[in-house]
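These notes concern the structure reproduced below.
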Protein chains: 4
Amino acid sequence: MTPRYDFASDNVAGAAPEAVQALIDHNTGSASGYGTDLVTRRAADLVRELLDADADVRFVANGTAANALGVAALARPFEAVLCHEHAHIRTDETGAPGFFGQGVGLLTLAGASGKIDAAALQTALEQPDVSHRQSPAALSLTNATEYGTVYTDDELRRLIELADAYAGHQGRGLPVHLDGARLANAAAAGFELKELPRMGVDLLVIGGTKAGMTPTEAIVLFDKSLSPRFDARLKQAGQLTSKGRFLSAPWIGMLETGAWRDRAGHANAMARRLATAVAPHFPLTHPVQANAVFVRMEEPALGRLREQGWFVYRFLDGSVRMMCSWATAPDAVDEFAASVAAIA
Amino acid sequence: MTPRYDFASDNVAGAAPEAVQALIDHNTGSASGYGTDLVTRRAADLVRELLDADADVRFVANGTAANALGVAALARPFEAVLCHEHAHIRTDETGAPGFFGQGVGLLTLAGASGKIDAAALQTALEQPDVSHRQSPAALSLTNATEYGTVYTDDELRRLIELADAYAGHQGRGLPVHLDGARLANAAAAGFELKELPRMGVDLLVIGGTKAGMTPTEAIVLFDKSLSPRFDARLKQAGQLTSKGRFLSAPWIGMLETGAWRDRAGHANAMARRLATAVAPHFPLTHPVQANAVFVRMEEPALGRLREQGWFVYRFLDGSVRMMCSWATAPDAVDEFAASVAAIA
Amino acid sequence: MTPRYDFASDNVAGAAPEAVQALIDHNTGSASGYGTDLVTRRAADLVRELLDADADVRFVANGTAANALGVAALARPFEAVLCHEHAHIRTDETGAPGFFGQGVGLLTLAGASGKIDAAALQTALEQPDVSHRQSPAALSLTNATEYGTVYTDDELRRLIELADAYAGHQGRGLPVHLDGARLANAAAAGFELKELPRMGVDLLVIGGTKAGMTPTEAIVLFDKSLSPRFDARLKQAGQLTSKGRFLSAPWIGMLETGAWRDRAGHANAMARRLATAVAPHFPLTHPVQANAVFVRMEEPALGRLREQGWFVYRFLDGSVRMMCSWATAPDAVDEFAASVAAIA
Amino acid sequence: MTPRYDFASDNVAGAAPEAVQALIDHNTGSASGYGTDLVTRRAADLVRELLDADADVRFVANGTAANALGVAALARPFEAVLCHEHAHIRTDETGAPGFFGQGVGLLTLAGASGKIDAAALQTALEQPDVSHRQSPAALSLTNATEYGTVYTDDELRRLIELADAYAGHQGRGLPVHLDGARLANAAAAGFELKELPRMGVDLLVIGGTKAGMTPTEAIVLFDKSLSPRFDARLKQAGQLTSKGRFLSAPWIGMLETGAWRDRAGHANAMARRLATAVAPHFPLTHPVQANAVFVRMEEPALGRLREQGWFVYRFLDGSVRMMCSWATAPDAVDEFAASVAAIA
């Protein structure tokens, strides 16, 4: 039996019609290379509009690279980035920050359901700056989080205020990176994107891939002091695409139509539907605020689920994760939920 | 006037119909991530068939990364890679080999029209292995070359034999990387691809992008001792794509139909047509064997060409380069050639 | 009051007479550079004799570099090294393995008193080899440990056997690095050095600095497949010394006379003397097997000790560490112990 | 016959009496680690006095590391450093700048006798800042040069003015690194050290080793914005020495007595004596302004010289180099010169 990956991740889905149509629409004529084309300019304008910010925007093919380049732009090799202990950059990217950042360190922070605990951050920021350790140079946040929760504006603002007040490194505050691989899901859950530049995020990665596009992510430089030679940084790191329009066109399709947020809203709704169906059988381990459902499920039950053909992952906190995407159909949720009920 | 980039590069073209159709065809249902899907498996089979080799194949989004990762897999930071002095990895990739290879060096070799001179290679291989220099650990070749010429099988074989005979490094020969960003053009010009594994290439990059696809390149590991943990290498370097099918599907479309080679053949033919038209006015500086035309053109003439709206590059050897692609129409060649004649 | 650092570390001591005399003795005439001189050859012979092994030996100026270069020689950037969670390479070297190893990861293992727990190692080795994590490529051990304990031959052999049996990475076992910054103290405590090559250590760093020399460490390559171009590796990393004799001469002085081990024996004896004196007041937290004494001491008591002018460190496990060295005089131990008793 | 290396390099010499005596004098009592000790503070004060500058000073064990860390502090991986085509950092350090700088590039400039030609620098600075190349981020100078010549203050000032006027990178000028491995020889030749901070050097490396010390080099940060976390940078890179006093004490011995400059003056005088003796037989190829003599000597003659037991190097420009040091005796010069005359 071929395993079914439908609920294994939100990247098992294909590309949404709006993204594909835009690829087709913009596949005409000649275009200058390396992101200097008009399609890319239009997509960048739409991202700026989405965020209500005069930021520099670049499109890259890979989220791991986008995050790692972001981290490398903010911290030097002998410094570290503060992040949640289960942040994607720490647990699922094969040490990419260290590769792109030449050994840059990650200092991990605890916090329930993927959100950094403010007190943990405060404690970390109070450590003395000594030469035999990598001391903090940046704060990395994630929204929606790895556990399918969504920070409120106030929660993020509180963390960023702590980072701003950091005096360990010559009295300067810490710049902030935000991994928004699932920012669409956060937005659909009510998170106000236009607060991001106002609250002091310096560098943002917005996920296109998980939002329903072909592979593409947007890097947003709110802090324009990061912009000079950023294209050279991308080029050297294998992230400056010659036929740039194919990374930007999907953004036009998804942003002009509102599909970027709307389809994430659908994914979120499917997660809620799934949560309702499975919670009676397997207790939820995290609030369902975006497109993920986490449940407590012991190994025998998980084994039975896999025997029924469904592949899902056990996470670092011991929970089993079930993901919905823009492409998840209500029928598929019901079919999957029935299997889950059956193995309970 | 918006400049016209039609002849500036072969990456100004969009994607060929066969590539786009395959993207659409394979955009259905769920697929497991990170290159483990069936679309990717099928594409890899087709690449193996193309080369008549039992090799491992990966698809990445970026040629700079593909080459730099290839180099980094063959040479350590304190070693060097031998390449042509005008090789793309040296002149146009912002030091990517040094970034991916943590300072790995490039030792440059002369040679007419982008082909490495065998005597120059021999001389380089005879240098003593001393600790204060980066000594050779690999040989990097390019076919078709940066100057639009095509190595014959015998020419490549001769260079690889020299590399194999290298005794500087503990009596071991040097492994070989081949940058095939324009391998389709070489193949269309008569180069026999199935000779590549037989002649001793260890790691090959095949260009999809310049051959008419959306951004995608194939990395071919003929030497399977390079395969263990290669996916981890890709992941860390931001080159393991979650929705892998969108990088592999275009290969299915282009290889199953023969378009990969046929459309390169068209590009080559357009280059010959262009060469015939411009040679009476501006002398050719390199043989026209693939899809590039290089001419001697002084600055005033180049200025007049740009005033007419055509953007083309001056190259490191002083020539002006004019590129054709799968999308170049005969009419466009004639229109451009008329402009060139007019400014002569 | 100038703080007294006498018991803060074993690197607060100067150089032992035998080391200084050898520096003076070998400071005559011209010598060829970069470790090719006769002084260095003689010192390497003495190290081989000490270990009863036909190994390649290099002398470098810095222990952090020696360990990090060792790790980088065994693991690639997308791989990881297994080590104790409180290993020096993890907690006190500012991420040096990641810098020298271009992002190479560290996977940490628990274990009492600085010794890796065999079961923890076994569990780590059983993790599946997946591309989104850095999987093990080497095992790093330390003897004497950070907590002043000494592995027996059998304990080390057991860990190395587990590493050898690792099948995760293409069925190959893991190579072994041993950080011997305090190997002299282990030897003086009865550890049989000549077992190291027999038990399967591949790359060993022997501390000269902490053993009473001016800054110098020995890198021992038991696995000679690591030797080709190792000097180029050192040179690029800023660890190939032009006037090499000044890094090797101290080894001649200390090894020919037996001072390397004898003076470490003195340091160990001073630690036992100190332990006996302080244990009635502050409970020992780790066995005293080498030259360190760890005690439980709350902040107020530590504050009073510092007020008396003595500077010592609180360690990651919460203990306070007191170190002895070759230069520690019995009177100084008694004076310090009296202060400790006074603040109890 | 054991080859005689007396004139092969200035690092074949041992350590001068003033350096050794200081090592002995400061080898007493306990000292805090990692450069925080009083010996190091005193040495740093003397360096500041030498330069008449309120700079931060660090002592490291290795010149290659000192230069490479300096370059890495000024340029990012996707940028480049401008240097003479025969600069030591380019030709003799195994790609160390690329290793420490994660692929940072070197852009090379021509110029007679090791001095950068101002017009060549100007041309390089006028290149457009494009993303597919590593554009300049710093200028690296060397005094005395690799060819034994000495820049005047005005010559250096002219080059630095050009760098300051660089507008390619967002209108900012380029910071300046100066490799002073043989700065003592330049000073002895009349170069006014106190002009260095005034003319705009940002980061200076002063050679201790070649000036007659045991292995030690000083890094001088005139630009104190480079200072925060510089010790962490050193620590991570294996260049923060625990027993720091052994790297700083020789500076006290050599600077307090004036030996640093005086003994370099002796080396320079020996080079003039040698030049006078050999010039009638082999023409000088570069002015003799410091401690090096370069002559035109064909292979057969060089072979005969080596048969007489003298080892000297052929350099990249084809010349044969003969070096004098603080330890070179007049008799040795005469003996060597006689051999040279004999093989003419």
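The chains in the structure tokens are called A, B, ... from first to last as shown; in each chain the residues are counted from 1, and the ligands are counted from 1 in the order shown.
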
Distance cut-off 12 Å, counting only C-alpha atoms - which residues of chain A neighbour chain D? Return them as number ranges by chain. A: 33-36, 69, 72-73, 75-80, 98-105, 129-137, 168-172, 224-242

Stretch 12-17 of chain C environment, 12 Å, only C-alpha atoms, sequence neighbours closer than 6 positions dropped, as a tab-separated table (two decimals) with N, CA and C atoms, in the first residue's frame:
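New file out_23.tsv:
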chain	number	residue	atom	x	y	z
C	4	ARG	N	42.88	36.69	43.51
C	4	ARG	CA	43.87	35.63	43.33
C	4	ARG	C	43.24	34.51	42.51
C	5	TYR	N	43.90	34.18	41.42
C	5	TYR	CA	43.36	33.22	40.47
C	5	TYR	C	43.95	31.82	40.65
C	6	ASP	N	44.73	31.63	41.70
C	6	ASP	CA	45.52	30.40	41.86
C	6	ASP	C	44.70	29.13	41.65
C	23	LEU	N	63.10	25.44	25.94
C	23	LEU	CA	62.97	26.59	25.03
C	23	LEU	C	64.32	27.27	24.87
C	24	ILE	N	65.00	27.46	25.95
C	24	ILE	CA	66.29	28.14	25.91
C	24	ILE	C	67.32	27.27	25.18
C	25	ASP	N	67.32	25.99	25.52
C	25	ASP	CA	68.32	25.09	24.92
C	25	ASP	C	68.20	25.01	23.40
C	208	GLY	N	49.55	20.40	26.25
C	208	GLY	CA	50.84	20.79	26.79
C	208	GLY	C	50.66	21.95	27.75
C	209	THR	N	49.79	22.87	27.39
C	209	THR	CA	49.64	24.11	28.17
C	209	THR	C	49.26	23.81	29.61
C	210	LYS	N	48.18	23.05	29.81
C	210	LYS	CA	47.72	22.78	31.16
C	210	LYS	C	48.69	21.86	31.92
C	211	ALA	N	49.53	21.15	31.17
C	211	ALA	CA	50.50	20.27	31.80
C	211	ALA	C	51.75	21.02	32.23
C	212	GLY	N	51.80	22.32	31.96
C	212	GLY	CA	52.92	23.10	32.46
C	212	GLY	C	53.84	23.66	31.40
C	213	MET	N	53.39	23.69	30.17
C	213	MET	CA	54.24	24.25	29.12
C	213	MET	C	53.78	25.67	28.78
C	214	THR	N	54.60	26.36	27.99
C	214	THR	CA	54.12	27.54	27.30
C	214	THR	C	53.08	27.06	26.29
C	215	PRO	N	52.32	27.94	25.65
C	215	PRO	CA	51.20	27.48	24.83
C	215	PRO	C	51.60	26.50	23.72
C	216	THR	N	51.19	25.27	23.85
C	216	THR	CA	51.43	24.25	22.83
C	216	THR	C	50.59	23.02	23.14
C	250	PRO	N	59.22	22.61	24.26
C	250	PRO	CA	58.74	22.30	25.62
C	250	PRO	C	58.38	20.83	25.79
C	251	TRP	N	57.92	20.19	24.74
C	251	TRP	CA	57.58	18.77	24.82
C	251	TRP	C	58.83	17.94	25.08
C	253	GLY	N	61.49	18.95	26.67
C	253	GLY	CA	61.86	19.16	28.07
C	253	GLY	C	60.98	18.39	29.03
C	254	MET	N	59.71	18.35	28.76
C	254	MET	CA	58.78	17.73	29.70
C	254	MET	C	58.72	16.21	29.54
C	257	THR	N	62.29	14.27	30.58
C	257	THR	CA	62.53	14.24	32.04
C	257	THR	C	61.45	13.51	32.81
C	259	ALA	N	58.70	14.93	33.38
C	259	ALA	CA	57.98	15.99	34.10
C	259	ALA	C	56.53	16.10	33.66
C	260	TRP	N	56.25	15.75	32.42
C	260	TRP	CA	54.87	15.87	31.92
C	260	TRP	C	53.92	15.08	32.82
C	262	ASP	N	54.91	13.55	35.85
C	262	ASP	CA	55.21	13.73	37.28
C	262	ASP	C	54.57	15.01	37.82
C	263	ARG	N	54.64	16.05	37.05
C	263	ARG	CA	54.09	17.32	37.54
C	263	ARG	C	52.55	17.26	37.54
C	264	ALA	N	51.99	16.50	36.64
C	264	ALA	CA	50.54	16.28	36.70
C	264	ALA	C	50.19	15.47	37.94
C	267	ALA	N	49.93	17.84	40.69
C	267	ALA	CA	48.66	18.58	40.64
C	267	ALA	C	47.53	17.73	41.20
C	311	PHE	N	39.24	33.90	43.43
C	311	PHE	CA	38.33	33.76	42.31
C	311	PHE	C	38.26	32.31	41.84
C	312	VAL	N	37.05	31.76	41.87
C	312	VAL	CA	36.81	30.42	41.29
C	312	VAL	C	35.48	30.47	40.54
C	323	MET	N	40.70	24.34	40.99
C	323	MET	CA	41.68	23.60	40.21
C	323	MET	C	43.07	23.71	40.81
C	324	CYS	N	43.81	22.62	40.71
C	324	CYS	CA	45.22	22.65	41.06
C	324	CYS	C	46.06	22.44	39.80
C	325	SER	N	47.31	22.84	39.86
C	325	SER	CA	48.18	22.71	38.70
C	325	SER	C	49.56	22.23	39.13
C	326	TRP	N	50.45	22.09	38.17
C	326	TRP	CA	51.82	21.70	38.47
C	326	TRP	C	52.46	22.68	39.45
C	327	ALA	N	51.96	23.93	39.45
C	327	ALA	CA	52.62	24.98	40.23
C	327	ALA	C	52.00	25.18	41.60
C	328	THR	N	50.96	24.44	41.89
C	328	THR	CA	50.27	24.66	43.16
C	328	THR	C	51.13	24.16	44.33
C	329	ALA	N	51.39	25.05	45.25
C	329	ALA	CA	52.21	24.67	46.41
C	329	ALA	C	51.32	24.17	47.53
D	23	LEU	N	60.23	36.54	28.68
D	23	LEU	CA	59.46	35.31	28.94
D	23	LEU	C	59.81	34.77	30.32
D	24	ILE	N	61.09	34.74	30.60
D	24	ILE	CA	61.54	34.21	31.89
D	24	ILE	C	61.09	35.13	33.02
D	25	ASP	N	61.25	36.43	32.82
D	25	ASP	CA	60.92	37.39	33.88
D	25	ASP	C	59.44	37.32	34.26
D	26	HIS	N	58.60	37.09	33.28
D	26	HIS	CA	57.16	37.15	33.56
D	26	HIS	C	56.57	35.77	33.86
D	27	ASN	N	57.43	34.77	33.95
D	27	ASN	CA	56.97	33.42	34.25
D	27	ASN	C	56.93	33.18	35.76
D	28	THR	N	56.23	34.06	36.45
D	28	THR	CA	56.18	33.93	37.91
D	28	THR	C	54.75	34.10	38.39
D	29	GLY	N	54.38	33.31	39.34
D	29	GLY	CA	53.08	33.46	39.98
D	29	GLY	C	51.92	33.11	39.08
D	30	SER	N	50.72	33.32	39.60
D	30	SER	CA	49.50	33.05	38.86
D	30	SER	C	49.10	34.28	38.06
D	31	ALA	N	48.45	34.02	36.96
D	31	ALA	CA	47.95	35.13	36.14
D	31	ALA	C	46.59	34.73	35.58
D	32	SER	N	45.68	35.65	35.52
D	32	SER	CA	44.36	35.32	34.96
D	32	SER	C	44.52	35.03	33.47
D	33	GLY	N	43.56	34.32	32.94
D	33	GLY	CA	43.72	33.77	31.61
D	33	GLY	C	43.19	34.63	30.47
D	34	TYR	N	43.47	34.20	29.25
D	34	TYR	CA	42.82	34.72	28.05
D	34	TYR	C	43.07	36.21	27.83
D	35	GLY	N	44.28	36.63	28.17
D	35	GLY	CA	44.65	38.01	27.86
D	35	GLY	C	44.18	39.04	28.84
D	36	THR	N	43.66	38.58	29.99
D	36	THR	CA	43.19	39.56	30.98
D	36	THR	C	44.26	39.89	32.03
D	37	ASP	N	45.46	39.35	31.84
D	37	ASP	CA	46.51	39.49	32.86
D	37	ASP	C	47.25	40.82	32.73
D	241	THR	N	44.58	32.94	23.65
D	241	THR	CA	45.50	32.06	24.35
D	241	THR	C	45.22	32.09	25.85
D	242	SER	N	45.10	30.89	26.45
D	242	SER	CA	44.81	30.85	27.88
D	242	SER	C	45.95	31.46	28.69
D	243	LYS	N	47.15	31.01	28.44
D	243	LYS	CA	48.31	31.60	29.14
D	243	LYS	C	48.83	32.78	28.33
D	244	GLY	N	48.01	33.83	28.29
D	244	GLY	CA	48.26	34.94	27.39
D	244	GLY	C	49.60	35.63	27.62
D	245	ARG	N	50.10	35.56	28.83
D	245	ARG	CA	51.34	36.30	29.11
D	245	ARG	C	52.51	35.84	28.26
D	246	PHE	N	52.45	34.58	27.81
D	246	PHE	CA	53.59	34.10	27.01
D	246	PHE	C	53.57	34.65	25.58
D	249	ALA	N	54.58	38.84	26.81
D	249	ALA	CA	55.85	39.16	27.47
D	249	ALA	C	56.95	39.52	26.47

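When the distance limit is 6 Å and only C-alpha atoms are what count, the residues near stretch 281-296 of chain D, minus those fewer than 3 positions from it on the same chain, are D:Ser113, D:Gly148, D:Thr149, D:Asn185, D:Ala267, D:Asn268, D:Ala271, D:Val278, D:Ser319, D:Val320, D:Arg321, D:Met322, D:Met323, D:Cys324, D:Ala344.
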
How many Å lie between atom CA of B:Ala55 and atom CA of A:Ala96, rounded to one decimal? 26.6 Å

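Around A:Val57, within 8 Å and counting only C-alpha atoms, the residues found are Ala44, Val47, Arg48, Ala218, Ile219, Val220 and Leu221 of chain A, once anything fewer than 5 positions away on its own chain is removed.
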
Once you have the residues from the selection above, write them out as a PDB file, in the first residue's frame, restricted to N, CA and C atoms.
ATOM      1  N   ALA A  44       6.879  42.310  -5.580  1.00  0.00           N
ATOM      2  CA  ALA A  44       7.444  42.988  -4.406  1.00  0.00           C
ATOM      3  C   ALA A  44       6.520  44.114  -3.946  1.00  0.00           C
ATOM      4  N   VAL A  47       3.794  42.610  -1.934  1.00  0.00           N
ATOM      5  CA  VAL A  47       4.217  42.232  -0.584  1.00  0.00           C
ATOM      6  C   VAL A  47       4.303  43.467   0.313  1.00  0.00           C
ATOM      7  N   ARG A  48       4.848  44.544  -0.231  1.00  0.00           N
ATOM      8  CA  ARG A  48       4.919  45.787   0.548  1.00  0.00           C
ATOM      9  C   ARG A  48       3.523  46.269   0.940  1.00  0.00           C
ATOM     10  N   ALA A 218       9.382  34.694   0.309  1.00  0.00           N
ATOM     11  CA  ALA A 218       9.749  36.106   0.231  1.00  0.00           C
ATOM     12  C   ALA A 218      10.592  36.485   1.434  1.00  0.00           C
ATOM     13  N   ILE A 219      11.709  37.176   1.169  1.00  0.00           N
ATOM     14  CA  ILE A 219      12.509  37.764   2.244  1.00  0.00           C
ATOM     15  C   ILE A 219      12.205  39.255   2.261  1.00  0.00           C
ATOM     16  N   VAL A 220      11.772  39.750   3.406  1.00  0.00           N
ATOM     17  CA  VAL A 220      11.401  41.154   3.532  1.00  0.00           C
ATOM     18  C   VAL A 220      12.386  41.836   4.472  1.00  0.00           C
ATOM     19  N   LEU A 221      13.063  42.843   3.940  1.00  0.00           N
ATOM     20  CA  LEU A 221      14.023  43.589   4.741  1.00  0.00           C
ATOM     21  C   LEU A 221      13.364  44.883   5.207  1.00  0.00           C
TER      22      LEU A 221
END

Atom CA of B:Thr142 to atom CA of B:Ile206 measures 10.5 Å

For C:Leu178, list every protein, DNA or RNA residue within 8 Å, evaluated using only C-alpha atoms, and leave out those in the same chain fewer than 4 positions away; present the list as a PyMOL selection string. chain C and resi 140-143+201+203-205

Selection file, C-alpha atoms, as a compact mmCIF listing (two decimals), in the first residue's frame:
# COMPACT_ATOMS: atom_id res chain seq x y z
CA SER C 140 34.34 12.98 20.86
CA LEU C 141 35.67 11.89 24.24
CA THR C 142 37.58 13.73 26.95
CA ASN C 143 40.06 12.34 29.48
CA VAL C 201 41.12 6.44 19.00
CA LEU C 203 42.73 11.57 16.50
CA LEU C 204 44.06 12.67 19.87
CA VAL C 205 44.84 16.12 21.24

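When only C-alpha atoms are used to compute distances to A:Ala165, the closest of the residues A:Ala341, A:Ala19, A:Leu109, A:Leu125 turns out to be A:Leu125.
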
Taken to one decimal, the atom CA of B:Tyr151-atom CA of B:Glu18 distance is 28.1 Å

Write out as a PyMOL selection string the residues lying within 10 Å of A:Thr152, counting only C-alpha atoms and excluding same-chain residues fewer than 4 positions away. chain A and resi 143-144+156-158+186+189-192

Test item, alpha helix (DSSP H) assignment across stretch 238-295 of chain A, answer as a ChimeraX atom specification: /A:245-256,259-278

Residue subset to file, keeping N, CA, C and O atoms, as a CSV table (one decimal), in the first residue's frame:
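As a result, result_17.csv now contains:
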chain,number,residue,atom,x,y,z
A,245,ARG,N,11.2,35.6,-12.5
A,245,ARG,CA,9.8,35.7,-12.6
A,245,ARG,C,9.0,34.5,-12.2
A,245,ARG,O,7.9,34.6,-11.7
A,246,PHE,N,9.7,33.4,-12.3
A,246,PHE,CA,9.0,32.1,-11.9
A,246,PHE,C,8.9,32.0,-10.3
A,246,PHE,O,8.1,31.2,-9.8
A,247,LEU,N,9.7,32.8,-9.6
A,247,LEU,CA,9.5,32.8,-8.2
A,247,LEU,C,8.6,33.9,-7.7
A,247,LEU,O,8.1,33.8,-6.6
A,248,SER,N,8.4,34.9,-8.5
A,248,SER,CA,7.6,36.0,-8.1
A,248,SER,C,6.2,36.0,-8.6
A,248,SER,O,5.2,36.4,-8.0
A,249,ALA,N,6.0,35.4,-9.8
A,249,ALA,CA,4.7,35.3,-10.4
A,249,ALA,C,3.6,34.7,-9.5
A,249,ALA,O,2.5,35.2,-9.3
A,250,PRO,N,3.9,33.6,-8.8
A,250,PRO,CA,2.9,33.0,-7.9
A,250,PRO,C,2.4,34.0,-6.8
A,250,PRO,O,1.3,33.9,-6.4
A,251,TRP,N,3.3,34.8,-6.4
A,251,TRP,CA,2.9,35.8,-5.4
A,251,TRP,C,1.9,36.8,-6.0
A,251,TRP,O,0.9,37.2,-5.3
A,252,ILE,N,2.1,37.2,-7.2
A,252,ILE,CA,1.1,38.0,-7.9
A,252,ILE,C,-0.3,37.3,-7.9
A,252,ILE,O,-1.3,37.9,-7.5
A,253,GLY,N,-0.3,36.1,-8.3
A,253,GLY,CA,-1.5,35.4,-8.4
A,253,GLY,C,-2.2,35.2,-7.1
A,253,GLY,O,-3.4,35.3,-6.9
A,254,MET,N,-1.4,34.9,-6.0
A,254,MET,CA,-2.0,34.7,-4.7
A,254,MET,C,-2.4,35.9,-4.0
A,254,MET,O,-3.3,35.9,-3.2
A,255,LEU,N,-1.6,37.0,-4.2
A,255,LEU,CA,-1.9,38.2,-3.4
A,255,LEU,C,-3.0,39.1,-4.1
A,255,LEU,O,-3.8,39.6,-3.4
A,256,GLU,N,-2.9,39.2,-5.4
A,256,GLU,CA,-3.9,40.0,-6.1
A,256,GLU,C,-5.3,39.5,-5.8
A,256,GLU,O,-6.3,40.2,-5.7
A,259,ALA,N,-6.0,35.0,-2.4
A,259,ALA,CA,-5.9,33.6,-2.2
A,259,ALA,C,-4.9,33.2,-1.1
A,259,ALA,O,-5.1,32.2,-0.4
A,260,TRP,N,-3.9,34.1,-1.0
A,260,TRP,CA,-2.8,33.7,0.0
A,260,TRP,C,-3.4,33.6,1.3
A,260,TRP,O,-3.2,32.6,2.0
A,261,ARG,N,-4.3,34.5,1.7
A,261,ARG,CA,-4.9,34.5,3.0
A,261,ARG,C,-6.1,33.6,3.0
A,261,ARG,O,-6.3,32.8,4.0
A,262,ASP,N,-6.9,33.7,2.0
A,262,ASP,CA,-8.2,32.9,2.0
A,262,ASP,C,-7.9,31.4,2.0
A,262,ASP,O,-8.6,30.7,2.7
A,263,ARG,N,-7.0,31.0,1.3
A,263,ARG,CA,-6.7,29.5,1.2
A,263,ARG,C,-6.1,29.1,2.5
A,263,ARG,O,-6.3,27.9,2.9
A,264,ALA,N,-5.3,29.9,3.2
A,264,ALA,CA,-4.8,29.6,4.5
A,264,ALA,C,-6.0,29.5,5.5
A,264,ALA,O,-6.0,28.7,6.4
A,265,GLY,N,-7.0,30.4,5.3
A,265,GLY,CA,-8.2,30.3,6.1
A,265,GLY,C,-8.9,29.0,6.0
A,265,GLY,O,-9.3,28.4,7.0
A,266,HIS,N,-8.9,28.5,4.7
A,266,HIS,CA,-9.5,27.2,4.5
A,266,HIS,C,-8.7,26.1,5.3
A,266,HIS,O,-9.3,25.2,5.9
A,267,ALA,N,-7.4,26.2,5.2
A,267,ALA,CA,-6.5,25.2,5.8
A,267,ALA,C,-6.8,25.2,7.3
A,267,ALA,O,-7.0,24.1,8.0
A,268,ASN,N,-6.9,26.4,7.9
A,268,ASN,CA,-7.2,26.5,9.3
A,268,ASN,C,-8.5,25.9,9.7
A,268,ASN,O,-8.7,25.2,10.7
A,269,ALA,N,-9.5,26.1,8.8
A,269,ALA,CA,-10.9,25.6,9.1
A,269,ALA,C,-10.8,24.1,9.0
A,269,ALA,O,-11.5,23.4,9.8
A,270,MET,N,-10.1,23.5,8.1
A,270,MET,CA,-10.0,22.1,8.0
A,270,MET,C,-9.3,21.5,9.3
A,270,MET,O,-9.7,20.4,9.7
A,271,ALA,N,-8.3,22.2,9.8
A,271,ALA,CA,-7.7,21.8,11.0
A,271,ALA,C,-8.7,21.8,12.2
A,271,ALA,O,-8.7,20.9,13.0
A,272,ARG,N,-9.5,22.8,12.2
A,272,ARG,CA,-10.5,22.8,13.3
A,272,ARG,C,-11.5,21.7,13.1
A,272,ARG,O,-11.9,21.0,14.1
A,273,ARG,N,-11.9,21.4,11.9
A,273,ARG,CA,-12.8,20.3,11.6
A,273,ARG,C,-12.2,19.0,12.1
A,273,ARG,O,-12.8,18.1,12.7
A,274,LEU,N,-10.9,18.8,11.7
A,274,LEU,CA,-10.2,17.6,12.1
A,274,LEU,C,-10.1,17.5,13.6
A,274,LEU,O,-10.3,16.4,14.2
A,275,ALA,N,-9.7,18.6,14.3
A,275,ALA,CA,-9.6,18.6,15.7
A,275,ALA,C,-10.8,18.2,16.4
A,275,ALA,O,-10.8,17.4,17.4
A,276,THR,N,-11.9,18.7,15.9
A,276,THR,CA,-13.2,18.4,16.5
A,276,THR,C,-13.5,16.9,16.5
A,276,THR,O,-14.0,16.3,17.4
A,277,ALA,N,-13.1,16.3,15.3
A,277,ALA,CA,-13.4,14.9,15.1
A,277,ALA,C,-12.5,14.0,15.9
A,277,ALA,O,-12.9,12.9,16.3
A,278,VAL,N,-11.2,14.4,16.1
A,278,VAL,CA,-10.3,13.4,16.7
A,278,VAL,C,-10.2,13.6,18.2
A,278,VAL,O,-9.8,12.7,18.9

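Near A:Leu159, within 10 Å and counting only C-alpha atoms, sit Ile116, Asp117, Ala118, Ala119, Leu121, Gln122, Leu139, Leu141, Asp154, Glu155, Ala163, Asp164, Val176 and Met199 of chain A, not including residues fewer than 4 positions from it in the same chain.
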
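In the backbone-derived DSSP annotation, strand (DSSP E or B) within stretch 4-154 of chain A comprises Arg4, Asp56, Val57, Arg58, Phe59, Val60, Glu79, Ala80, Val81, Leu82, Cys83, His84, Gly105, Leu106, Leu107, Thr108, Leu109, Ser135, Pro136, Ala137, Ala138, Leu139, Ser140, Leu141 and Thr142 of chain A.
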